[in-house]
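**Student:** Just so it is clear, I am handing over work_26.cif, which has mmCIF, N, CA and C atoms.
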data_target
loop_
_atom_site.label_atom_id
_atom_site.label_comp_id
_atom_site.auth_asym_id
_atom_site.auth_seq_id
_atom_site.Cartn_x
_atom_site.Cartn_y
_atom_site.Cartn_z
N MET A 1 0.84 -1.18 0.00
CA MET A 1 0.00 0.00 0.00
C MET A 1 0.88 1.24 0.00
N ASP A 2 0.50 2.21 -0.78
CA ASP A 2 1.22 3.47 -0.79
C ASP A 2 0.50 4.48 0.09
N LEU A 3 1.27 5.21 0.88
CA LEU A 3 0.71 6.26 1.72
C LEU A 3 0.79 7.59 0.99
N ASP A 4 -0.14 8.48 1.30
CA ASP A 4 -0.08 9.81 0.69
C ASP A 4 1.03 10.62 1.36
N GLU A 5 1.29 11.78 0.81
CA GLU A 5 2.39 12.63 1.28
C GLU A 5 2.23 13.02 2.75
N ARG A 6 1.01 13.36 3.16
CA ARG A 6 0.79 13.78 4.55
C ARG A 6 1.09 12.63 5.52
N SER A 7 0.63 11.42 5.20
CA SER A 7 0.88 10.26 6.05
C SER A 7 2.37 9.98 6.17
N ARG A 8 3.07 10.05 5.05
CA ARG A 8 4.53 9.81 5.07
C ARG A 8 5.25 10.85 5.94
N LYS A 9 4.83 12.11 5.84
CA LYS A 9 5.45 13.18 6.64
C LYS A 9 5.23 12.93 8.13
N ILE A 10 4.03 12.51 8.50
CA ILE A 10 3.73 12.20 9.91
C ILE A 10 4.65 11.08 10.39
N LEU A 11 4.82 10.04 9.59
CA LEU A 11 5.68 8.93 9.99
C LEU A 11 7.13 9.38 10.12
N GLU A 12 7.59 10.23 9.21
CA GLU A 12 8.96 10.75 9.28
C GLU A 12 9.17 11.61 10.52
N ASP A 13 8.18 12.46 10.85
CA ASP A 13 8.28 13.35 12.00
C ASP A 13 8.16 12.61 13.33
N GLY A 14 7.45 11.49 13.33
CA GLY A 14 7.29 10.70 14.55
C GLY A 14 6.13 11.14 15.42
N ALA A 15 5.42 12.19 15.03
CA ALA A 15 4.27 12.68 15.81
C ALA A 15 3.49 13.69 14.99
N VAL A 16 2.26 13.95 15.42
CA VAL A 16 1.44 14.98 14.79
C VAL A 16 0.50 15.56 15.85
N LYS A 17 0.26 16.86 15.78
CA LYS A 17 -0.70 17.52 16.66
C LYS A 17 -1.99 17.71 15.89
N MET A 18 -3.10 17.30 16.50
CA MET A 18 -4.41 17.42 15.86
C MET A 18 -5.38 18.04 16.85
N ARG A 19 -6.31 18.84 16.33
CA ARG A 19 -7.37 19.39 17.17
C ARG A 19 -8.47 18.34 17.27
N VAL A 20 -8.85 18.01 18.49
CA VAL A 20 -9.94 17.07 18.71
C VAL A 20 -10.89 17.65 19.76
N SER A 21 -12.11 17.21 19.70
CA SER A 21 -13.10 17.63 20.68
C SER A 21 -13.12 16.60 21.80
N ARG A 22 -12.84 17.05 23.00
CA ARG A 22 -12.88 16.18 24.18
C ARG A 22 -13.89 16.77 25.14
N GLY A 23 -15.01 16.07 25.31
CA GLY A 23 -16.05 16.57 26.20
C GLY A 23 -16.64 17.88 25.73
N GLY A 24 -16.70 18.08 24.42
CA GLY A 24 -17.27 19.29 23.86
C GLY A 24 -16.31 20.46 23.79
N ILE A 25 -15.07 20.25 24.21
CA ILE A 25 -14.07 21.31 24.20
C ILE A 25 -12.98 20.94 23.20
N ALA A 26 -12.65 21.84 22.28
CA ALA A 26 -11.60 21.59 21.30
C ALA A 26 -10.24 21.70 21.98
N GLN A 27 -9.40 20.69 21.77
CA GLN A 27 -8.06 20.67 22.36
C GLN A 27 -7.05 20.19 21.33
N GLN A 28 -5.81 20.61 21.50
CA GLN A 28 -4.70 20.11 20.69
C GLN A 28 -4.18 18.85 21.37
N VAL A 29 -4.12 17.76 20.65
CA VAL A 29 -3.61 16.50 21.19
C VAL A 29 -2.46 16.05 20.31
N THR A 30 -1.36 15.66 20.93
CA THR A 30 -0.22 15.12 20.20
C THR A 30 -0.37 13.61 20.11
N PHE A 31 -0.32 13.10 18.89
CA PHE A 31 -0.33 11.66 18.65
C PHE A 31 1.07 11.26 18.22
N ILE A 32 1.64 10.26 18.88
CA ILE A 32 2.99 9.80 18.52
C ILE A 32 2.87 8.56 17.64
N VAL A 33 3.88 8.37 16.80
CA VAL A 33 3.93 7.17 15.96
C VAL A 33 4.44 6.03 16.83
N LYS A 34 3.71 4.94 16.78
CA LYS A 34 4.04 3.78 17.61
C LYS A 34 4.01 2.54 16.73
N ARG A 35 4.91 1.61 16.98
CA ARG A 35 4.90 0.32 16.29
C ARG A 35 4.22 -0.70 17.19
N VAL A 36 3.28 -1.45 16.60
CA VAL A 36 2.48 -2.40 17.36
C VAL A 36 2.67 -3.80 16.78
N ALA A 37 2.97 -4.76 17.65
CA ALA A 37 3.06 -6.16 17.23
C ALA A 37 1.66 -6.76 17.30
N PHE A 38 1.24 -7.39 16.22
CA PHE A 38 -0.08 -8.02 16.16
C PHE A 38 0.08 -9.33 15.41
N GLY A 39 0.06 -10.43 16.14
CA GLY A 39 0.30 -11.73 15.51
C GLY A 39 1.72 -11.78 14.97
N ASN A 40 1.85 -12.09 13.70
CA ASN A 40 3.19 -12.18 13.11
C ASN A 40 3.58 -10.94 12.32
N ILE A 41 2.84 -9.84 12.49
CA ILE A 41 3.20 -8.59 11.81
C ILE A 41 3.41 -7.48 12.82
N THR A 42 4.11 -6.44 12.40
CA THR A 42 4.25 -5.21 13.16
C THR A 42 3.79 -4.08 12.26
N TYR A 43 2.91 -3.24 12.78
CA TYR A 43 2.39 -2.14 11.97
C TYR A 43 2.51 -0.83 12.75
N VAL A 44 2.37 0.30 12.03
CA VAL A 44 2.47 1.62 12.67
C VAL A 44 1.08 2.17 12.94
N GLU A 45 0.99 3.00 13.98
CA GLU A 45 -0.24 3.69 14.30
C GLU A 45 0.10 4.99 15.02
N LEU A 46 -0.88 5.87 15.11
CA LEU A 46 -0.76 7.08 15.92
C LEU A 46 -1.37 6.77 17.28
N PHE A 47 -0.71 7.23 18.35
CA PHE A 47 -1.15 6.87 19.69
C PHE A 47 -1.21 8.07 20.61
N SER A 48 -2.25 8.11 21.45
CA SER A 48 -2.38 9.10 22.51
C SER A 48 -2.88 8.40 23.76
N GLU A 49 -2.35 8.77 24.91
CA GLU A 49 -2.78 8.18 26.18
C GLU A 49 -4.09 8.79 26.69
N ARG A 50 -4.58 9.81 26.03
CA ARG A 50 -5.81 10.48 26.45
C ARG A 50 -7.05 9.70 26.02
N VAL A 51 -8.13 9.88 26.76
CA VAL A 51 -9.43 9.34 26.37
C VAL A 51 -10.05 10.33 25.39
N ILE A 52 -10.40 9.85 24.21
CA ILE A 52 -10.93 10.69 23.14
C ILE A 52 -12.19 10.02 22.60
N ASP A 53 -13.19 10.83 22.27
CA ASP A 53 -14.43 10.28 21.71
C ASP A 53 -14.11 9.41 20.49
N ILE A 54 -14.84 8.31 20.38
CA ILE A 54 -14.60 7.38 19.27
C ILE A 54 -14.80 8.07 17.92
N SER A 55 -15.78 8.95 17.82
CA SER A 55 -16.01 9.65 16.55
C SER A 55 -14.80 10.51 16.18
N GLU A 56 -14.14 11.09 17.17
CA GLU A 56 -12.95 11.90 16.92
C GLU A 56 -11.75 11.03 16.54
N ILE A 57 -11.63 9.87 17.15
CA ILE A 57 -10.55 8.93 16.80
C ILE A 57 -10.71 8.52 15.34
N LYS A 58 -11.93 8.20 14.95
CA LYS A 58 -12.21 7.81 13.56
C LYS A 58 -11.91 8.96 12.60
N ARG A 59 -12.28 10.18 12.97
CA ARG A 59 -12.02 11.35 12.12
C ARG A 59 -10.51 11.55 11.92
N VAL A 60 -9.74 11.44 12.99
CA VAL A 60 -8.29 11.59 12.89
C VAL A 60 -7.70 10.50 11.99
N ALA A 61 -8.19 9.28 12.12
CA ALA A 61 -7.72 8.19 11.26
C ALA A 61 -8.00 8.49 9.79
N GLU A 62 -9.17 9.01 9.50
CA GLU A 62 -9.52 9.35 8.12
C GLU A 62 -8.68 10.51 7.59
N GLU A 63 -8.47 11.54 8.42
CA GLU A 63 -7.71 12.72 7.98
C GLU A 63 -6.23 12.42 7.78
N THR A 64 -5.67 11.58 8.63
CA THR A 64 -4.23 11.29 8.53
C THR A 64 -3.94 10.11 7.62
N GLY A 65 -4.93 9.25 7.40
CA GLY A 65 -4.72 8.06 6.60
C GLY A 65 -3.97 6.98 7.34
N LEU A 66 -3.91 7.09 8.68
CA LEU A 66 -3.19 6.14 9.52
C LEU A 66 -4.10 5.61 10.63
N PRO A 67 -3.81 4.40 11.14
CA PRO A 67 -4.57 3.90 12.30
C PRO A 67 -4.31 4.80 13.50
N VAL A 68 -5.32 4.93 14.36
CA VAL A 68 -5.21 5.78 15.54
C VAL A 68 -5.69 5.00 16.76
N GLU A 69 -4.91 5.06 17.84
CA GLU A 69 -5.31 4.44 19.09
C GLU A 69 -5.24 5.48 20.20
N ALA A 70 -6.28 5.50 21.03
CA ALA A 70 -6.31 6.33 22.23
C ALA A 70 -6.50 5.39 23.41
N ALA A 71 -6.59 5.94 24.61
CA ALA A 71 -6.73 5.12 25.80
C ALA A 71 -7.98 4.25 25.78
N ASN A 72 -9.00 4.67 25.04
CA ASN A 72 -10.28 3.98 25.08
C ASN A 72 -10.68 3.24 23.80
N ALA A 73 -10.02 3.46 22.69
CA ALA A 73 -10.45 2.83 21.43
C ALA A 73 -9.36 2.93 20.36
N LYS A 74 -9.58 2.18 19.29
CA LYS A 74 -8.69 2.19 18.13
C LYS A 74 -9.54 2.28 16.88
N ALA A 75 -9.03 2.99 15.85
CA ALA A 75 -9.76 3.09 14.58
C ALA A 75 -8.77 3.05 13.42
N PHE A 76 -9.22 2.46 12.34
CA PHE A 76 -8.46 2.42 11.10
C PHE A 76 -9.18 3.26 10.06
N PRO A 77 -8.44 3.80 9.09
CA PRO A 77 -9.11 4.50 7.99
C PRO A 77 -10.07 3.52 7.29
N GLU A 78 -11.12 4.05 6.72
CA GLU A 78 -12.15 3.24 6.06
C GLU A 78 -11.53 2.26 5.07
N GLY A 79 -11.90 0.98 5.21
CA GLY A 79 -11.45 -0.05 4.28
C GLY A 79 -10.03 -0.55 4.51
N LYS A 80 -9.40 -0.16 5.59
CA LYS A 80 -8.01 -0.56 5.86
C LYS A 80 -7.96 -1.42 7.12
N SER A 81 -6.87 -2.20 7.24
CA SER A 81 -6.63 -3.00 8.44
C SER A 81 -5.14 -2.94 8.78
N SER A 82 -4.75 -3.61 9.82
CA SER A 82 -3.35 -3.57 10.27
C SER A 82 -2.38 -4.02 9.17
N VAL A 83 -2.78 -4.97 8.36
CA VAL A 83 -1.91 -5.48 7.29
C VAL A 83 -1.51 -4.38 6.31
N ASP A 84 -2.38 -3.40 6.10
CA ASP A 84 -2.10 -2.31 5.17
C ASP A 84 -0.98 -1.38 5.66
N PHE A 85 -0.63 -1.47 6.92
CA PHE A 85 0.36 -0.55 7.50
C PHE A 85 1.60 -1.27 8.04
N LYS A 86 1.83 -2.50 7.59
CA LYS A 86 2.89 -3.31 8.18
C LYS A 86 4.31 -2.98 7.74
N ASP A 87 4.51 -2.39 6.63
CA ASP A 87 5.87 -2.19 6.13
C ASP A 87 6.34 -0.75 6.18
N PHE A 88 5.92 0.00 7.17
CA PHE A 88 6.29 1.42 7.23
C PHE A 88 7.10 1.73 8.44
#
Could you render the structure as structure tokens?
**Tutor:**
Amino acid sequence: MDLDERSRKILEDGAVKMRVSRGGIAQQVTFIVKRVAFGNITYVELFSERVIDISEIKRVAEETGLPVEAANAKAFPEGKSSVDFKDF
């Protein structure tokens, strides 16, 4: 799978700051690039230790084109799974 330019830049930088709504309040949250072992593959995702609404996690995944995990949930971009992000 090929990543778009924005996704590649995020992976190169190792983190990205995104505005998310937490409890109805817009906040800047830093998501770090993390490598996750899942079965016999390792894939990349954006990670935050904060609790974030699931709808916001999904939105960030769609906007960045990368999987996103927060303290309470994980989301992949539409139509993608961990296998699509294994070689980055």
**Student:** Do you know which residues are at most 7 Å from Leu66 of chain A counting only C-alpha atoms, after dropping those on the same chain fewer than 2 positions away, and could you put them as a list in words?
**Tutor:**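 The contact residues come out as Ser7, Glu45, Leu46, Ala61, Thr64, Val68, Phe76 and Pro77 of chain A.
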**Student:** Let me know the residues the PyMOL selection byres (((chain A and resi 14-18 and name CA) around 9) and name CA) catches in the file above, as a ChimeraX atom specification.
**Tutor:** /A:9-13,19-20,27-34,46-47,60
**Student:** Please produce an output containing N, CA and C atoms for each residue in the selection, written as an mmCIF file, in the coordinates of the input.
**Tutor:**
data_model
loop_
_atom_site.group_PDB
_atom_site.id
_atom_site.type_symbol
_atom_site.label_atom_id
_atom_site.label_comp_id
_atom_site.auth_asym_id
_atom_site.auth_seq_id
_atom_site.Cartn_x
_atom_site.Cartn_y
_atom_site.Cartn_z
ATOM 1 N N LYS A 9 4.830 12.110 5.840
ATOM 2 C CA LYS A 9 5.450 13.180 6.640
ATOM 3 C C LYS A 9 5.230 12.930 8.130
ATOM 4 N N ILE A 10 4.030 12.510 8.500
ATOM 5 C CA ILE A 10 3.730 12.200 9.910
ATOM 6 C C ILE A 10 4.650 11.080 10.390
ATOM 7 N N LEU A 11 4.820 10.040 9.590
ATOM 8 C CA LEU A 11 5.680 8.930 9.990
ATOM 9 C C LEU A 11 7.130 9.380 10.120
ATOM 10 N N GLU A 12 7.590 10.230 9.210
ATOM 11 C CA GLU A 12 8.960 10.750 9.280
ATOM 12 C C GLU A 12 9.170 11.610 10.520
ATOM 13 N N ASP A 13 8.180 12.460 10.850
ATOM 14 C CA ASP A 13 8.280 13.350 12.000
ATOM 15 C C ASP A 13 8.160 12.610 13.330
ATOM 16 N N ARG A 19 -6.310 18.840 16.330
ATOM 17 C CA ARG A 19 -7.370 19.390 17.170
ATOM 18 C C ARG A 19 -8.470 18.340 17.270
ATOM 19 N N VAL A 20 -8.850 18.010 18.490
ATOM 20 C CA VAL A 20 -9.940 17.070 18.710
ATOM 21 C C VAL A 20 -10.890 17.650 19.760
ATOM 22 N N GLN A 27 -9.400 20.690 21.770
ATOM 23 C CA GLN A 27 -8.060 20.670 22.360
ATOM 24 C C GLN A 27 -7.050 20.190 21.330
ATOM 25 N N GLN A 28 -5.810 20.610 21.500
ATOM 26 C CA GLN A 28 -4.700 20.110 20.690
ATOM 27 C C GLN A 28 -4.180 18.850 21.370
ATOM 28 N N VAL A 29 -4.120 17.760 20.650
ATOM 29 C CA VAL A 29 -3.610 16.500 21.190
ATOM 30 C C VAL A 29 -2.460 16.050 20.310
ATOM 31 N N THR A 30 -1.360 15.660 20.930
ATOM 32 C CA THR A 30 -0.220 15.120 20.200
ATOM 33 C C THR A 30 -0.370 13.610 20.110
ATOM 34 N N PHE A 31 -0.320 13.100 18.890
ATOM 35 C CA PHE A 31 -0.330 11.660 18.650
ATOM 36 C C PHE A 31 1.070 11.260 18.220
ATOM 37 N N ILE A 32 1.640 10.260 18.880
ATOM 38 C CA ILE A 32 2.990 9.800 18.520
ATOM 39 C C ILE A 32 2.870 8.560 17.640
ATOM 40 N N VAL A 33 3.880 8.370 16.800
ATOM 41 C CA VAL A 33 3.930 7.170 15.960
ATOM 42 C C VAL A 33 4.440 6.030 16.830
ATOM 43 N N LYS A 34 3.710 4.940 16.780
ATOM 44 C CA LYS A 34 4.040 3.780 17.610
ATOM 45 C C LYS A 34 4.010 2.540 16.730
ATOM 46 N N LEU A 46 -0.880 5.870 15.110
ATOM 47 C CA LEU A 46 -0.760 7.080 15.920
ATOM 48 C C LEU A 46 -1.370 6.770 17.280
ATOM 49 N N PHE A 47 -0.710 7.230 18.350
ATOM 50 C CA PHE A 47 -1.150 6.870 19.690
ATOM 51 C C PHE A 47 -1.210 8.070 20.610
ATOM 52 N N VAL A 60 -9.740 11.440 12.990
ATOM 53 C CA VAL A 60 -8.290 11.590 12.890
ATOM 54 C C VAL A 60 -7.700 10.500 11.990
#
**Student:** Quick one: distance from atom C of Val83 of chain A to atom CA of Glu49 of chain A in Å, one decimal?
**Tutor:**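 Between these atoms lies a distance of 23.5 Å.
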**Student:** Can you tell me, as a ChimeraX atom specification, which residues in chain A count as strand (DSSP E) by DSSP?
**Tutor:** /A:15-22,25-38,41-47,68-69,74-75
**Student:** Within 8 Å of (-8.1, 3.8, 20.6) (file coordinates; only N, CA and C atoms), which protein or nucleic acid residues are there? I'd like them as a PDB file with N, CA and C atoms, in the coordinates of the input.
**Tutor:**
ATOM      1  N   PHE A  47      -0.710   7.230  18.350  1.00  0.00           N
ATOM      2  CA  PHE A  47      -1.150   6.870  19.690  1.00  0.00           C
ATOM      3  C   PHE A  47      -1.210   8.070  20.610  1.00  0.00           C
ATOM      4  N   SER A  48      -2.250   8.110  21.450  1.00  0.00           N
ATOM      5  CA  SER A  48      -2.380   9.100  22.510  1.00  0.00           C
ATOM      6  C   SER A  48      -2.880   8.400  23.760  1.00  0.00           C
ATOM      7  N   ILE A  52     -10.400   9.850  24.210  1.00  0.00           N
ATOM      8  CA  ILE A  52     -10.930  10.690  23.140  1.00  0.00           C
ATOM      9  C   ILE A  52     -12.190  10.020  22.600  1.00  0.00           C
ATOM     10  N   ILE A  54     -14.840   8.310  20.380  1.00  0.00           N
ATOM     11  CA  ILE A  54     -14.600   7.380  19.270  1.00  0.00           C
ATOM     12  C   ILE A  54     -14.800   8.070  17.920  1.00  0.00           C
ATOM     13  N   ILE A  57     -11.630   9.870  17.150  1.00  0.00           N
ATOM     14  CA  ILE A  57     -10.550   8.930  16.800  1.00  0.00           C
ATOM     15  C   ILE A  57     -10.710   8.520  15.340  1.00  0.00           C
ATOM     16  N   VAL A  68      -5.320   4.930  14.360  1.00  0.00           N
ATOM     17  CA  VAL A  68      -5.210   5.780  15.540  1.00  0.00           C
ATOM     18  C   VAL A  68      -5.690   5.000  16.760  1.00  0.00           C
ATOM     19  N   GLU A  69      -4.910   5.060  17.840  1.00  0.00           N
ATOM     20  CA  GLU A  69      -5.310   4.440  19.090  1.00  0.00           C
ATOM     21  C   GLU A  69      -5.240   5.480  20.200  1.00  0.00           C
ATOM     22  N   ALA A  70      -6.280   5.500  21.030  1.00  0.00           N
ATOM     23  CA  ALA A  70      -6.310   6.330  22.230  1.00  0.00           C
ATOM     24  C   ALA A  70      -6.500   5.390  23.410  1.00  0.00           C
ATOM     25  N   ALA A  71      -6.590   5.940  24.610  1.00  0.00           N
ATOM     26  CA  ALA A  71      -6.730   5.120  25.800  1.00  0.00           C
ATOM     27  C   ALA A  71      -7.980   4.250  25.780  1.00  0.00           C
ATOM     28  N   ASN A  72      -9.000   4.670  25.040  1.00  0.00           N
ATOM     29  CA  ASN A  72     -10.280   3.980  25.080  1.00  0.00           C
ATOM     30  C   ASN A  72     -10.680   3.240  23.800  1.00  0.00           C
ATOM     31  N   ALA A  73     -10.020   3.460  22.690  1.00  0.00           N
ATOM     32  CA  ALA A  73     -10.450   2.830  21.430  1.00  0.00           C
ATOM     33  C   ALA A  73      -9.360   2.930  20.360  1.00  0.00           C
ATOM     34  N   LYS A  74      -9.580   2.180  19.290  1.00  0.00           N
ATOM     35  CA  LYS A  74      -8.690   2.190  18.130  1.00  0.00           C
ATOM     36  C   LYS A  74      -9.540   2.280  16.880  1.00  0.00           C
ATOM     37  N   ALA A  75      -9.030   2.990  15.850  1.00  0.00           N
ATOM     38  CA  ALA A  75      -9.760   3.090  14.580  1.00  0.00           C
ATOM     39  C   ALA A  75      -8.770   3.050  13.420  1.00  0.00           C
TER      40      ALA A  75
END
**Student:** Quick one: distance from atom CA of Leu3 of chain A to atom CA of Glu63 of chain A in Å, one decimal?
**Tutor:**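 Atom CA of Glu63 of chain A lies 12.3 Å from atom CA of Leu3 of chain A.
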**Student:** Could you tell me which residues the PyMOL selection byres (((chain A and resi 2 and name CA) around 10) and name CA) returns for this structure, as a PDB file with N, CA and C atoms, in the coordinates of the input?
**Tutor:**
ATOM      1  N   MET A   1       0.840  -1.180   0.000  1.00  0.00           N
ATOM      2  CA  MET A   1       0.000   0.000   0.000  1.00  0.00           C
ATOM      3  C   MET A   1       0.880   1.240   0.000  1.00  0.00           C
ATOM      4  N   LEU A   3       1.270   5.210   0.880  1.00  0.00           N
ATOM      5  CA  LEU A   3       0.710   6.260   1.720  1.00  0.00           C
ATOM      6  C   LEU A   3       0.790   7.590   0.990  1.00  0.00           C
ATOM      7  N   ASP A   4      -0.140   8.480   1.300  1.00  0.00           N
ATOM      8  CA  ASP A   4      -0.080   9.810   0.690  1.00  0.00           C
ATOM      9  C   ASP A   4       1.030  10.620   1.360  1.00  0.00           C
ATOM     10  N   GLU A   5       1.290  11.780   0.810  1.00  0.00           N
ATOM     11  CA  GLU A   5       2.390  12.630   1.280  1.00  0.00           C
ATOM     12  C   GLU A   5       2.230  13.020   2.750  1.00  0.00           C
ATOM     13  N   SER A   7       0.630  11.420   5.200  1.00  0.00           N
ATOM     14  CA  SER A   7       0.880  10.260   6.050  1.00  0.00           C
ATOM     15  C   SER A   7       2.370   9.980   6.170  1.00  0.00           C
ATOM     16  N   ARG A   8       3.070  10.050   5.050  1.00  0.00           N
ATOM     17  CA  ARG A   8       4.530   9.810   5.070  1.00  0.00           C
ATOM     18  C   ARG A   8       5.250  10.850   5.940  1.00  0.00           C
ATOM     19  N   ASP A  84      -2.380  -3.400   6.100  1.00  0.00           N
ATOM     20  CA  ASP A  84      -2.100  -2.310   5.170  1.00  0.00           C
ATOM     21  C   ASP A  84      -0.980  -1.380   5.660  1.00  0.00           C
ATOM     22  N   PHE A  85      -0.630  -1.470   6.920  1.00  0.00           N
ATOM     23  CA  PHE A  85       0.360  -0.550   7.500  1.00  0.00           C
ATOM     24  C   PHE A  85       1.600  -1.270   8.040  1.00  0.00           C
ATOM     25  N   PHE A  88       5.920   0.000   7.170  1.00  0.00           N
ATOM     26  CA  PHE A  88       6.290   1.420   7.230  1.00  0.00           C
ATOM     27  C   PHE A  88       7.100   1.730   8.440  1.00  0.00           C
TER      28      PHE A  88
END
**Student:** Let's see if you can do this: from backbone DSSP, list all helix (DSSP H, G or I) residues in segment 6-79 of chain A, as an MDAnalysis selection string.
**Tutor:** chainID A and resid 6:13 54:64
**Student:** Distance atom C of Ile41 of chain A-atom CA of Ser81 of chain A, one decimal place?
**Tutor:** 11.8 Å
**Student:** For segment 17-35 of chain A, what centre and edge lengths in Å (one decimal) does the axis-aligned box get once 5 Å is added on each side of all its listed atoms, as lines of an AutoDock Vina configuration file?
**Tutor:**
center_x = -6.2
center_y = 10.6
center_z = 21.0
size_x = 32.2
size_y = 32.5
size_z = 20.4
